[in-house]
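Printed here is upload20.txt (compact mmCIF, C-alpha atoms):
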```txt
# COMPACT_ATOMS: atom_id res chain seq x y z
CA MET M 1 93.76 78.80 83.52
CA THR M 2 93.92 74.60 83.80
CA ARG M 3 95.25 75.91 83.63
CA PRO M 4 95.67 75.27 83.57
CA VAL M 5 100.61 75.68 87.22
CA ILE M 6 99.74 77.62 91.53
CA ARG M 7 97.47 78.37 88.54
CA PHE M 8 100.07 80.41 86.96
CA LEU M 9 99.42 77.32 85.80
CA MET M 10 96.62 79.58 84.85
CA SER M 11 96.50 81.50 81.65
CA THR M 12 98.70 84.35 82.99
CA ALA M 13 100.82 84.79 79.90
CA LEU M 14 97.84 86.43 78.26
CA ILE M 15 98.44 90.16 77.93
CA GLY M 16 97.79 92.57 75.06
CA THR M 17 95.20 94.75 73.39
CA LEU M 18 91.65 93.99 72.41
CA ALA M 19 91.47 92.08 69.14
CA SER M 20 87.99 90.68 69.22
CA CYS M 21 86.15 93.87 68.39
CA GLY M 22 87.29 93.69 64.79
CA ALA M 23 86.54 90.01 64.36
CA ALA M 24 83.70 88.97 62.12
CA VAL M 25 80.79 87.42 63.96
CA VAL M 26 79.47 83.97 63.12
CA GLN M 27 75.74 83.69 63.72
CA ILE M 28 75.27 80.29 65.31
CA PRO M 29 72.69 78.98 67.75
CA SER M 30 73.76 78.01 71.22
CA ALA M 31 74.21 74.32 71.91
CA GLY M 32 70.97 74.01 73.80
CA GLY M 33 68.76 76.37 71.79
CA ALA M 34 68.23 79.75 73.47
CA PRO M 35 71.39 81.17 75.04
CA ALA M 36 71.76 80.71 78.78
CA VAL M 37 71.73 83.72 81.07
CA SER M 38 75.25 84.93 81.84
CA GLY M 39 76.55 84.08 85.26
CA GLY M 40 74.03 81.35 85.97
CA GLN M 41 76.21 79.96 88.78
CA THR M 42 75.65 80.98 92.37
CA PRO M 43 78.55 83.02 93.82
CA ALA M 44 80.43 81.44 96.71
CA ALA M 45 80.15 83.15 100.07
CA ILE M 46 83.12 85.25 101.15
CA PRO M 47 84.48 84.20 104.56
CA ALA M 48 84.49 86.79 107.32
CA ALA M 49 87.67 88.86 107.55
CA SER M 50 89.17 90.59 110.55
CA PRO M 51 87.99 94.19 111.05
CA ALA M 52 91.54 95.42 110.44
CA ASP M 53 91.89 93.56 107.14
CA GLU M 54 88.50 94.75 105.93
CA ALA M 55 89.17 98.35 106.92
CA GLY M 56 92.57 98.23 105.22
CA LEU M 57 91.05 96.92 102.01
CA GLN M 58 88.34 99.59 101.96
CA ARG M 59 90.97 102.33 102.39
CA TRP M 60 92.91 100.78 99.51
CA VAL M 61 89.77 100.71 97.33
CA GLN M 62 89.38 104.47 97.79
CA GLN M 63 93.05 105.09 97.04
CA PHE M 64 93.02 102.85 93.96
CA ARG M 65 90.09 104.72 92.42
CA SER M 66 92.22 107.45 90.85
CA ARG M 67 94.51 104.91 89.21
CA ALA M 68 91.58 102.99 87.75
CA LEU M 69 89.97 106.16 86.40
CA SER M 70 93.25 107.28 84.82
CA SER M 71 93.41 103.86 83.13
CA GLY M 72 90.08 104.38 81.37
CA VAL M 73 87.60 103.02 83.89
CA SER M 74 84.64 105.35 84.36
CA ALA M 75 83.73 106.64 87.81
CA GLY M 76 80.32 105.01 87.56
CA THR M 77 81.80 101.62 86.64
CA TYR M 78 84.35 101.79 89.44
CA ASP M 79 81.88 102.74 92.14
CA ARG M 80 79.33 100.14 91.01
CA ALA M 81 81.81 97.28 90.72
CA MET M 82 83.95 98.04 93.77
CA ALA M 83 80.86 98.30 95.96
CA ILE M 84 81.07 94.50 96.26
CA ALA M 85 84.81 94.47 97.06
CA ARG M 86 85.49 92.65 100.33
CA TYR M 87 88.64 91.27 101.89
CA ASN M 88 88.63 87.54 101.16
CA PRO M 89 90.98 85.67 103.52
CA GLU M 90 90.53 82.46 101.52
CA VAL M 91 92.29 83.83 98.44
CA ILE M 92 95.23 84.96 100.57
CA ARG M 93 95.47 81.49 102.08
CA LEU M 94 95.46 79.92 98.62
CA ASP M 95 97.97 82.43 97.27
CA ARG M 96 100.45 81.61 100.02
CA ARG M 97 99.96 77.87 99.88
CA GLN M 98 102.87 75.83 98.54
CA ALA M 99 102.76 72.12 97.89
CA GLU M 100 105.36 70.11 99.80
CA PHE M 101 105.90 67.72 96.92
CA SER M 102 105.79 68.35 93.19
CA ARG M 103 103.71 65.89 91.23
CA PRO M 104 105.66 63.81 88.69
CA VAL M 105 104.69 64.28 85.07
CA TRP M 106 103.22 60.78 84.78
CA LEU M 107 100.83 61.34 87.69
CA TYR M 108 99.85 64.69 86.22
CA LEU M 109 99.08 63.06 82.87
CA ASP M 110 97.26 60.15 84.50
CA SER M 111 94.79 62.72 85.79
CA ALA M 112 94.79 65.03 82.78
CA VAL M 113 94.16 62.24 80.28
CA SER M 114 92.01 59.98 82.43
CA ASP M 115 89.47 57.56 80.95
CA VAL M 116 86.62 59.63 82.41
CA ARG M 117 87.94 62.83 80.84
CA ILE M 118 88.43 61.13 77.47
CA THR M 119 84.88 59.76 77.56
CA THR M 120 83.45 63.14 78.54
CA GLY M 121 85.45 64.84 75.82
CA ARG M 122 84.00 62.54 73.19
CA GLN M 123 80.51 63.18 74.51
CA MET M 124 81.12 66.93 74.27
CA LEU M 125 82.45 66.48 70.74
CA ALA M 126 79.15 64.88 69.76
CA ARG M 127 77.06 67.45 71.64
CA HIS M 128 78.83 70.55 70.33
CA GLY M 129 79.95 69.20 66.96
CA ARG M 130 78.36 71.90 64.83
CA THR M 131 79.73 74.70 66.99
CA LEU M 132 83.21 73.19 67.08
CA ALA M 133 83.23 72.69 63.31
CA ALA M 134 82.44 76.38 62.80
CA ILE M 135 85.17 77.40 65.28
CA GLU M 136 87.71 75.14 63.58
CA ALA M 137 86.82 76.55 60.16
CA ARG M 138 87.28 80.11 61.43
CA TYR M 139 90.48 79.78 63.44
CA GLY M 140 92.17 76.62 62.12
CA VAL M 141 92.51 75.02 65.55
CA PRO M 142 91.30 71.39 65.58
CA ARG M 143 88.12 70.83 67.53
CA GLU M 144 89.73 68.15 69.72
CA VAL M 145 92.43 70.62 70.83
CA VAL M 146 89.81 73.20 71.82
CA LEU M 147 87.94 70.48 73.70
CA ALA M 148 91.14 69.39 75.43
CA VAL M 149 91.80 72.91 76.73
CA TRP M 150 88.20 73.04 77.97
CA GLY M 151 88.66 69.69 79.71
CA MET M 152 91.94 70.69 81.31
CA GLU M 153 90.80 74.11 82.46
CA SER M 154 87.36 73.43 83.93
CA ASN M 155 86.53 69.74 83.36
CA PHE M 156 84.28 70.74 80.47
CA GLY M 157 82.59 73.51 82.40
CA ALA M 158 81.93 71.58 85.59
CA ASN M 159 84.55 73.51 87.60
CA ARG M 160 84.42 77.09 86.32
CA GLY M 161 84.92 78.60 89.76
CA ARG M 162 82.34 80.39 91.89
CA MET M 163 84.39 83.12 93.53
CA GLN M 164 83.47 86.70 92.69
CA ILE M 165 86.38 88.11 90.69
CA ILE M 166 86.23 91.70 91.92
CA PRO M 167 86.63 90.89 95.66
CA SER M 168 89.30 88.28 94.88
CA LEU M 169 91.42 90.54 92.69
CA ALA M 170 90.99 93.51 95.03
CA THR M 171 92.19 91.37 97.95
CA LEU M 172 95.20 90.06 96.01
CA ALA M 173 96.12 93.51 94.69
CA TYR M 174 95.95 94.91 98.23
CA ASP M 175 97.51 92.11 100.23
CA GLY M 176 98.95 89.50 97.87
CA ARG M 177 102.49 88.51 96.99
CA ARG M 178 102.11 89.86 93.45
CA GLY M 179 100.05 92.93 94.14
CA GLU M 180 101.01 94.91 91.04
CA MET M 181 100.17 92.05 88.70
CA PHE M 182 96.76 91.59 90.32
CA ALA M 183 96.14 95.34 90.22
CA GLY M 184 96.50 95.17 86.44
CA GLN M 185 94.08 92.26 86.32
CA LEU M 186 91.59 94.18 88.44
CA ILE M 187 91.64 97.14 86.06
CA ALA M 188 91.09 94.75 83.15
CA ALA M 189 88.15 93.17 84.99
CA LEU M 190 86.61 96.61 85.53
CA LYS M 191 86.93 97.32 81.80
CA ILE M 192 85.12 94.06 81.02
CA ILE M 193 82.25 95.16 83.28
CA GLN M 194 82.29 98.61 81.67
CA ALA M 195 81.92 97.00 78.22
CA GLY M 196 78.72 95.32 79.40
CA ASP M 197 79.80 91.70 78.94
CA ILE M 198 79.00 90.75 82.56
CA ASP M 199 77.89 92.43 85.78
CA PRO M 200 80.09 92.59 88.89
CA ALA M 201 78.09 90.10 90.95
CA HIS M 202 78.13 87.39 88.28
CA MET M 203 81.74 87.80 87.15
CA LEU M 204 82.86 84.50 88.68
CA GLY M 205 85.96 82.36 88.49
CA SER M 206 88.86 80.92 90.40
CA TRP M 207 90.49 82.43 93.46
CA ALA M 208 93.22 84.08 91.37
CA GLY M 209 90.95 85.62 88.74
CA ALA M 210 90.74 83.00 85.97
CA MET M 211 87.24 83.05 84.53
CA GLY M 212 84.76 80.93 82.66
CA HIS M 213 84.86 77.63 80.82
CA THR M 214 88.47 77.98 79.68
CA GLN M 215 89.74 80.11 82.58
CA PHE M 216 90.75 83.38 80.93
CA MET M 217 92.46 85.98 83.05
CA PRO M 218 90.90 89.44 82.57
CA THR M 219 93.79 90.78 80.48
CA SER M 220 93.62 87.79 78.14
CA TYR M 221 89.87 88.23 77.89
CA LEU M 222 90.29 91.82 76.74
CA GLN M 223 92.76 90.73 74.10
CA TYR M 224 91.27 87.50 72.79
CA ALA M 225 87.63 86.96 73.82
CA VAL M 226 85.18 86.88 70.91
CA ASP M 227 81.42 87.11 70.52
CA PHE M 228 80.98 84.00 68.36
CA THR M 229 77.24 83.70 68.93
CA GLY M 230 76.59 87.25 67.77
CA ASP M 231 74.46 88.26 70.75
CA GLY M 232 76.51 91.37 71.49
CA ARG M 233 78.42 89.97 74.49
CA ARG M 234 81.59 87.93 74.82
CA ASP M 235 80.07 85.52 77.31
CA ILE M 236 82.50 82.97 78.74
CA TRP M 237 80.53 82.49 81.98
CA SER M 238 77.14 81.05 81.00
CA ASP M 239 76.24 77.40 80.59
CA ASP M 240 76.59 77.81 76.80
CA PRO M 241 80.34 77.39 76.16
CA THR M 242 80.32 78.72 72.58
CA ASP M 243 82.04 82.07 73.18
CA ALA M 244 84.56 80.51 75.56
CA LEU M 245 85.53 77.78 73.09
CA ALA M 246 85.83 80.24 70.23
CA SER M 247 87.87 82.59 72.40
CA THR M 248 90.27 79.76 73.20
CA ALA M 249 90.70 78.98 69.50
CA ALA M 250 91.23 82.69 68.79
CA TYR M 251 93.90 82.80 71.49
CA LEU M 252 95.79 79.82 70.09
CA ALA M 253 95.49 81.07 66.51
CA ARG M 254 96.90 84.47 67.42
CA ASN M 255 99.74 82.88 69.37
CA GLY M 256 101.32 80.85 66.63
CA TRP M 257 98.96 77.97 65.86
CA VAL M 258 99.73 76.74 62.33
CA ARG M 259 96.61 75.58 60.52
CA GLY M 260 96.86 72.03 59.22
CA GLN M 261 99.88 71.04 61.31
CA THR M 262 100.11 68.87 64.39
CA TRP M 263 101.48 69.71 67.83
CA GLY M 264 104.26 67.09 67.53
CA ALA M 265 104.79 63.39 68.07
CA GLU M 266 106.27 60.86 70.45
CA VAL M 267 109.64 59.72 69.12
CA GLN M 268 112.31 57.12 69.72
CA LEU M 269 115.93 58.21 69.98
CA PRO M 270 118.81 56.12 68.61
CA GLY M 271 121.57 54.68 70.77
CA GLY M 272 124.33 57.19 71.38
CA PHE M 273 122.05 60.16 70.70
CA ASN M 274 123.60 63.48 71.74
CA MET M 275 121.54 64.32 74.83
CA GLY M 276 122.89 67.85 74.72
CA LEU M 277 120.35 68.49 71.95
CA ILE M 278 117.41 67.81 74.27
CA GLY M 279 115.39 70.85 75.24
CA LYS M 280 113.21 73.59 73.79
CA GLY M 281 116.26 75.75 73.13
CA THR M 282 117.46 73.49 70.29
CA ARG M 283 115.41 73.48 67.09
CA ARG M 284 116.10 71.32 64.04
CA SER M 285 114.19 70.49 60.89
CA SER M 286 112.40 67.16 60.81
CA ALA M 287 114.83 66.10 58.08
CA ASP M 288 117.78 66.84 60.38
CA TRP M 289 116.25 64.88 63.25
CA SER M 290 115.49 61.99 60.94
CA ALA M 291 119.08 62.00 59.66
CA GLN M 292 120.25 61.65 63.27
CA GLY M 293 118.15 58.52 63.67
CA VAL M 294 115.11 59.97 65.42
CA ARG M 295 112.05 57.89 64.56
CA ARG M 296 108.35 58.36 65.16
CA ILE M 297 106.79 55.92 67.61
CA GLY M 298 104.39 53.69 65.70
CA GLY M 299 106.16 54.27 62.37
CA GLY M 300 105.72 56.82 59.65
CA ALA M 301 107.57 60.00 58.88
CA LEU M 302 108.22 62.69 61.45
CA PRO M 303 105.79 65.62 61.26
CA SER M 304 106.78 68.07 58.55
CA GLY M 305 108.48 71.27 59.59
CA GLY M 306 110.82 71.41 62.52
CA GLY M 307 110.92 71.46 66.25
CA SER M 308 112.63 70.50 69.48
CA ILE M 309 112.89 67.26 71.42
CA ILE M 310 111.90 67.20 75.07
CA MET M 311 112.13 64.43 77.66
CA PRO M 312 110.02 65.59 80.61
CA ALA M 313 111.03 62.61 82.80
CA GLY M 314 114.65 62.47 81.74
CA ALA M 315 116.50 59.83 79.78
CA ARG M 316 114.45 56.96 81.24
CA GLY M 317 111.11 58.36 80.05
CA PRO M 318 109.41 59.06 76.71
CA ALA M 319 110.72 61.60 74.20
CA PHE M 320 108.59 64.03 72.19
CA LEU M 321 109.26 66.11 69.11
CA ILE M 322 107.37 69.36 69.73
CA MET M 323 106.39 71.76 66.95
CA ASP M 324 105.16 75.34 66.76
CA ASN M 325 101.64 74.32 67.78
CA PHE M 326 102.95 72.87 71.05
CA ARG M 327 104.55 76.25 71.71
CA SER M 328 101.19 77.87 71.00
CA ILE M 329 99.68 75.78 73.81
CA LEU M 330 102.57 76.87 76.03
CA ARG M 331 101.49 80.47 75.47
CA TYR M 332 98.15 79.53 77.02
CA ASN M 333 99.88 77.96 80.00
CA ASN M 334 103.67 77.90 80.16
CA SER M 335 104.09 74.35 81.43
CA ASP M 336 105.40 71.41 79.40
CA ASN M 337 103.22 69.09 81.48
CA TYR M 338 100.14 71.17 80.70
CA ALA M 339 100.90 71.29 76.98
CA LEU M 340 101.44 67.53 76.91
CA GLY M 341 98.17 67.08 78.77
CA VAL M 342 96.28 69.15 76.21
CA SER M 343 98.04 67.44 73.30
CA TYR M 344 97.37 63.90 74.45
CA LEU M 345 93.86 64.55 75.70
CA ALA M 346 93.18 65.86 72.20
CA GLU M 347 94.76 62.77 70.66
CA ARG M 348 92.63 60.45 72.77
CA ILE M 349 89.40 62.40 72.17
CA ALA M 350 90.09 62.07 68.45
CA GLY M 351 90.51 58.29 68.83
CA ARG M 352 94.27 58.19 68.37
CA PRO M 353 96.74 56.34 70.65
CA GLY M 354 98.13 57.77 73.85
CA ILE M 355 101.73 57.87 75.04
CA GLN M 356 103.47 54.57 74.27
CA GLY M 357 106.70 54.90 76.24
CA GLY M 358 107.01 53.95 79.89
CA TRP M 359 107.58 56.38 82.74
CA PRO M 360 110.12 55.91 85.55
CA ARG M 361 107.36 55.47 88.09
CA GLU M 362 109.75 54.17 90.72
CA ASP M 363 111.27 57.65 91.11
CA ARG M 364 110.17 59.32 94.32
CA PRO M 365 109.01 62.95 94.26
CA LEU M 366 111.34 65.57 95.66
CA SER M 367 110.18 67.77 98.52
CA THR M 368 110.25 71.55 98.26
CA SER M 369 113.31 71.72 100.49
CA GLU M 370 115.11 69.15 98.33
CA ARG M 371 114.30 71.06 95.14
CA GLU M 372 115.58 74.25 96.75
CA GLU M 373 118.73 72.42 97.88
CA ILE M 374 119.39 71.31 94.30
CA GLN M 375 119.16 74.91 93.12
CA ARG M 376 121.33 76.14 95.98
CA ARG M 377 124.06 73.56 95.34
CA LEU M 378 123.95 74.28 91.59
CA THR M 379 124.43 77.96 92.44
CA GLN M 380 127.38 77.18 94.70
CA ARG M 381 129.01 75.26 91.86
CA GLY M 382 128.41 78.09 89.36
CA PHE M 383 125.81 76.37 87.21
CA TYR M 384 122.70 78.35 88.26
CA GLN M 385 122.05 82.05 88.75
CA GLY M 386 118.26 82.05 89.20
CA GLU M 387 115.96 82.30 92.19
CA ILE M 388 116.06 79.62 94.88
CA ASP M 389 112.35 78.83 94.81
CA GLY M 390 112.10 75.07 94.31
CA LEU M 391 110.42 75.56 90.93
CA PHE M 392 112.14 73.72 88.11
CA GLY M 393 111.84 75.78 84.96
CA SER M 394 114.08 75.81 81.92
CA ALA M 395 116.90 77.68 83.71
CA THR M 396 117.14 75.04 86.45
CA MET M 397 116.99 72.17 83.96
CA GLU M 398 119.74 73.74 81.83
CA ALA M 399 121.85 74.09 84.97
CA VAL M 400 121.21 70.43 85.84
CA SER M 401 122.29 69.41 82.32
CA ALA M 402 125.49 71.44 82.61
CA PHE M 403 126.31 69.83 85.95
CA GLN M 404 125.57 66.35 84.59
CA ARG M 405 127.94 66.95 81.67
CA SER M 406 130.62 68.10 84.09
CA ILE M 407 130.55 64.77 85.96
CA GLY M 408 130.19 62.60 82.88
CA VAL M 409 126.60 61.36 83.23
CA THR M 410 123.74 61.59 80.73
CA PRO M 411 122.80 65.31 80.61
CA ASP M 412 119.04 64.91 80.53
CA GLY M 413 118.36 67.88 82.82
CA TYR M 414 116.00 65.85 84.97
CA PRO M 415 116.25 66.44 88.76
CA THR M 416 116.05 63.30 90.92
CA SER M 417 117.13 62.13 94.34
CA ILE M 418 120.12 60.55 92.56
CA LEU M 419 121.10 63.98 91.22
CA LEU M 420 120.81 65.47 94.71
CA GLY M 421 123.15 62.79 96.02
CA GLN M 422 125.64 63.62 93.26
CA LEU M 423 125.49 67.30 94.18
CA ARG M 424 126.07 66.50 97.86
CA ARG M 425 129.25 64.60 97.18
```
For this file, produce the structure as structure tokens.
Amino acid sequence: MTRPVIRFLMSTALIGTLASCGAAVVQIPSAGGAPAVSGGQTPAAIPAASPADEAGLQRWVQQFRSRALSSGVSAGTYDRAMAIARYNPEVIRLDRRQAEFSRPVWLYLDSAVSDVRITTGRQMLARHGRTLAAIEARYGVPREVVLAVWGMESNFGANRGRMQIIPSLATLAYDGRRGEMFAGQLIAALKIIQAGDIDPAHMLGSWAGAMGHTQFMPTSYLQYAVDFTGDGRRDIWSDDPTDALASTAAYLARNGWVRGQTWGAEVQLPGGFNMGLIGKGTRRSSADWSAQGVRRIGGGALPSGGGSIIMPAGARGPAFLIMDNFRSILRYNNSDNYALGVSYLAERIAGRPGIQGGWPREDRPLSTSEREEIQRRLTQRGFYQGEIDGLFGSATMEAVSAFQRSIGVTPDGYPTSILLGQLRR
């Protein structure tokens, strides 16, 4: 968890109870013959911390022990795993980092669906074809979609992360901005170790706790990870990606993926289309959209079923009809850009066309202070009641649309420097 968003833009929407224990096991050889040893990567060194920070963390580790034990972690597991806990100043630096400029959707997709990534995805499709076919048969998620998540999250296993999860989560639970959330992830990580799927030293991942080929957070691992190889461990860390790919398919399947249906389609809107219908909050049947003049780019009928229309770059960019399967991807990572990246990387791996519409590439990115100013001015005008954080989620975009309607311009909900100028007047 890309991530998969900060990587909440990771898979942080993944919380629940263990489902994999009751899943049937498919006996299938690993891609390269004998299974690789779990945790084959070398852990990254932890930078030196100040004596005060290290002492504070070690006091916290002792205090946290009772909470972990009351949550079902054994004393032996806790003492063994937390023996490697160290204060990691690097994860605190990364947690507090904020980008000055947000990346426009077209630049994000240029990277997500690059020629190199498409080529690598097709190579992986050929290499792991038998495994992916078995996963698709079990869970109903197309093999190219599973590959696309793998490509987005870790560049097909090349960037799984080398930080030890226990020190990272302990540091973030003790000294991070979202300590309680990371405390829950730490307890989940301890339960994974207790189950015998991995040892503390080789439980590796990103700075914020996302692990393995498809970057599962510990809570999502407990709920969705599966032992697809049948070797007795749900191994998402080793060089063999089988369990990680199957776990990703299991996650999508249990979060609304509809077997046999697509994620959506790029569409063309008719002149005079009611832009107030744009957004994930409005759902119509494909027949209703077709009756309003919405057409599929490239011809053919709209996908069967129903969905919403989104325009991630506003009225001057492409439009997409998104279905339930797109929303399933959003459960993996709640970002429209991420879900589009997965969807179109999958399309391209499968040999289908990419996005046909043009992007407004002349738009300049807004700085953090400008994004916060937009939210602040929307609040002053009574259109927005959310947090002033510079992050443009659905609440901000709905507020932008409402303001645009109030001044008689196209309510596409897309924040630009032009919008900021309108708010300043």
Under the rule of at most 12 Å, produce a per-residue listing of stretch 185-299 of chain M near stretch 333-349 of chain M: chain, number, name, the closest pair of atoms, and the distance in Å, as a Markdown table, using only C-alpha atoms.
```
| residue | atom | partner | partner_atom | distance |
| --- | --- | --- | --- | --- |
| M:Thr214 | CA | M:Asn333 | CA | 11.4 |
| M:Gln215 | CA | M:Asn333 | CA | 10.7 |
| M:Phe216 | CA | M:Asn333 | CA | 10.7 |
| M:Met217 | CA | M:Asn333 | CA | 11.3 |
| M:Ser220 | CA | M:Asn333 | CA | 11.8 |
| M:Thr248 | CA | M:Asn333 | CA | 11.9 |
| M:Tyr251 | CA | M:Asn333 | CA | 11.5 |
| M:Leu252 | CA | M:Asn333 | CA | 10.9 |
| M:Asn255 | CA | M:Asn333 | CA | 11.7 |
| M:Thr262 | CA | M:Ser343 | CA | 9.3 |
| M:Trp263 | CA | M:Ser343 | CA | 6.8 |
| M:Gly264 | CA | M:Ser343 | CA | 8.5 |
| M:Ala265 | CA | M:Ser343 | CA | 9.5 |
| M:Glu266 | CA | M:Tyr344 | CA | 10.2 |
| M:Gly279 | CA | M:Asp336 | CA | 10.8 |
| M:Lys280 | CA | M:Asp336 | CA | 9.9 |
```
Residue with smallest distance to M:Arg295 - pool M:Thr379, M:Pro104, M:Leu269, M:Arg425, counting all atoms listed in the file: M:Leu269
Looking at all atoms listed in the file, which of M:Leu420, M:Val267, M:Met275, M:Val400 is the one that sits closest to M:Ile297? M:Val267
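The residue that comes closest to M:Glu398, out of M:Ala315, M:Leu277, M:Met163, M:Ala173 and on the basis of all atoms listed in the file, is M:Leu277.
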With a distance cut-off of 12 Å and only C-alpha atoms, select the neighbouring residues of M:Arg371, excluding the residue or stretch itself and same-chain residues fewer than 5 positions from it, and output the selection as a compact mmCIF listing (two decimals) with C-alpha atoms, keeping the file's coordinate frame.
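The result, stored in out-v1.txt:
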```txt
# COMPACT_ATOMS: atom_id res chain seq x y z
CA ALA M 99 102.76 72.12 97.89
CA GLU M 100 105.36 70.11 99.80
CA PHE M 101 105.90 67.72 96.92
CA SER M 102 105.79 68.35 93.19
CA PRO M 365 109.01 62.95 94.26
CA LEU M 366 111.34 65.57 95.66
CA ARG M 376 121.33 76.14 95.98
CA ARG M 377 124.06 73.56 95.34
CA LEU M 378 123.95 74.28 91.59
CA GLU M 387 115.96 82.30 92.19
CA ILE M 388 116.06 79.62 94.88
CA ASP M 389 112.35 78.83 94.81
CA GLY M 390 112.10 75.07 94.31
CA LEU M 391 110.42 75.56 90.93
CA PHE M 392 112.14 73.72 88.11
CA GLY M 393 111.84 75.78 84.96
CA THR M 396 117.14 75.04 86.45
CA MET M 397 116.99 72.17 83.96
CA VAL M 400 121.21 70.43 85.84
CA TYR M 414 116.00 65.85 84.97
CA PRO M 415 116.25 66.44 88.76
CA THR M 416 116.05 63.30 90.92
CA SER M 417 117.13 62.13 94.34
CA LEU M 419 121.10 63.98 91.22
CA LEU M 420 120.81 65.47 94.71
CA LEU M 423 125.49 67.30 94.18
```
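You can rank M:Ala395, M:Ala195, M:Val409, M:Leu109 by their closest distance to M:Gly276 using only C-alpha atoms, and at the top of that list sits M:Val409.
The smallest atom-to-atom distance between M:Trp359 and any of M:Arg283, M:Trp106, M:Trp237, M:Gly306, using all atoms listed in the file, is found for M:Trp106.
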Considering only C-alpha atoms, can you say which of M:Glu144, M:Gly314, M:Ile84, M:Gln123 comes closest to M:Arg352? M:Glu144
Please enclose the listed atoms of stretch 205-222 of chain M in an axis-aligned box, pad each side by 8 Å, and write out the centre and the three edge lengths in Å, rounded to one decimal, as AutoDock Vina command-line options.
```
--center_x 89.3 --center_y 84.7 --center_z 85.1 --size_x 25.0 --size_y 30.2 --size_z 32.7
```
Take the point (88.0, 68.7, 66.3) in the file's coordinates, draw a sphere of radius 12 Å around it, and report as a VMD selection string every protein, DNA or RNA residue with an atom inside or on it, counting only C-alpha atoms. chain M and resid 121 to 122 124 to 126 128 to 137 139 to 149 245 249 260 345 to 351
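Rounded to one decimal, atom CA of M:Ser286 and atom CA of M:Asp110 lie 29.0 Å from each other.
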Should you be able to, write stretch 300-314 of chain M of this structure into a file that contains N, CA and C atoms, as a PDB file, in the first residue's frame.
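Saved the output as out-v8.pdb:
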```
ATOM      1  N   GLY M 300     -19.467   1.078 -28.997  1.00  0.00           N
ATOM      2  CA  GLY M 300     -19.991  -0.037 -28.228  1.00  0.00           C
ATOM      3  C   GLY M 300     -20.860   0.432 -27.081  1.00  0.00           C
ATOM      4  N   ALA M 301     -21.568  -0.525 -26.507  1.00  0.00           N
ATOM      5  CA  ALA M 301     -22.479  -0.206 -25.411  1.00  0.00           C
ATOM      6  C   ALA M 301     -21.709   0.097 -24.131  1.00  0.00           C
ATOM      7  N   LEU M 302     -22.334   0.858 -23.251  1.00  0.00           N
ATOM      8  CA  LEU M 302     -21.765   1.069 -21.927  1.00  0.00           C
ATOM      9  C   LEU M 302     -21.739  -0.259 -21.180  1.00  0.00           C
ATOM     10  N   PRO M 303     -20.815  -0.417 -20.246  1.00  0.00           N
ATOM     11  CA  PRO M 303     -20.794  -1.665 -19.460  1.00  0.00           C
ATOM     12  C   PRO M 303     -22.137  -1.894 -18.776  1.00  0.00           C
ATOM     13  N   SER M 304     -22.556  -3.137 -18.720  1.00  0.00           N
ATOM     14  CA  SER M 304     -23.840  -3.449 -18.104  1.00  0.00           C
ATOM     15  C   SER M 304     -23.781  -3.194 -16.609  1.00  0.00           C
ATOM     16  N   GLY M 305     -24.929  -2.871 -16.053  1.00  0.00           N
ATOM     17  CA  GLY M 305     -25.008  -2.575 -14.634  1.00  0.00           C
ATOM     18  C   GLY M 305     -25.263  -1.100 -14.417  1.00  0.00           C
ATOM     19  N   GLY M 306     -24.547  -0.520 -13.538  1.00  0.00           N
ATOM     20  CA  GLY M 306     -24.701   0.902 -13.255  1.00  0.00           C
ATOM     21  C   GLY M 306     -23.469   1.438 -12.577  1.00  0.00           C
ATOM     22  N   GLY M 307     -23.420   2.746 -12.473  1.00  0.00           N
ATOM     23  CA  GLY M 307     -22.250   3.341 -11.841  1.00  0.00           C
ATOM     24  C   GLY M 307     -22.329   4.844 -11.815  1.00  0.00           C
ATOM     25  N   SER M 308     -21.200   5.457 -11.535  1.00  0.00           N
ATOM     26  CA  SER M 308     -21.073   6.903 -11.425  1.00  0.00           C
ATOM     27  C   SER M 308     -20.102   7.410 -12.476  1.00  0.00           C
ATOM     28  N   ILE M 309     -20.192   8.701 -12.771  1.00  0.00           N
ATOM     29  CA  ILE M 309     -19.260   9.329 -13.704  1.00  0.00           C
ATOM     30  C   ILE M 309     -18.340  10.248 -12.914  1.00  0.00           C
ATOM     31  N   ILE M 310     -17.038  10.093 -13.132  1.00  0.00           N
ATOM     32  CA  ILE M 310     -16.071  10.974 -12.498  1.00  0.00           C
ATOM     33  C   ILE M 310     -15.246  11.669 -13.571  1.00  0.00           C
ATOM     34  N   MET M 311     -14.783  12.862 -13.230  1.00  0.00           N
ATOM     35  CA  MET M 311     -13.899  13.637 -14.110  1.00  0.00           C
ATOM     36  C   MET M 311     -12.749  14.138 -13.247  1.00  0.00           C
ATOM     37  N   PRO M 312     -11.699  13.352 -13.082  1.00  0.00           N
ATOM     38  CA  PRO M 312     -10.652  13.683 -12.115  1.00  0.00           C
ATOM     39  C   PRO M 312      -9.858  14.930 -12.433  1.00  0.00           C
ATOM     40  N   ALA M 313      -9.935  15.450 -13.666  1.00  0.00           N
ATOM     41  CA  ALA M 313      -9.257  16.705 -14.010  1.00  0.00           C
ATOM     42  C   ALA M 313     -10.260  17.780 -14.381  1.00  0.00           C
ATOM     43  N   GLY M 314     -11.494  17.623 -13.973  1.00  0.00           N
ATOM     44  CA  GLY M 314     -12.501  18.627 -14.259  1.00  0.00           C
ATOM     45  C   GLY M 314     -13.072  18.515 -15.660  1.00  0.00           C
TER      46      GLY M 314
END
```
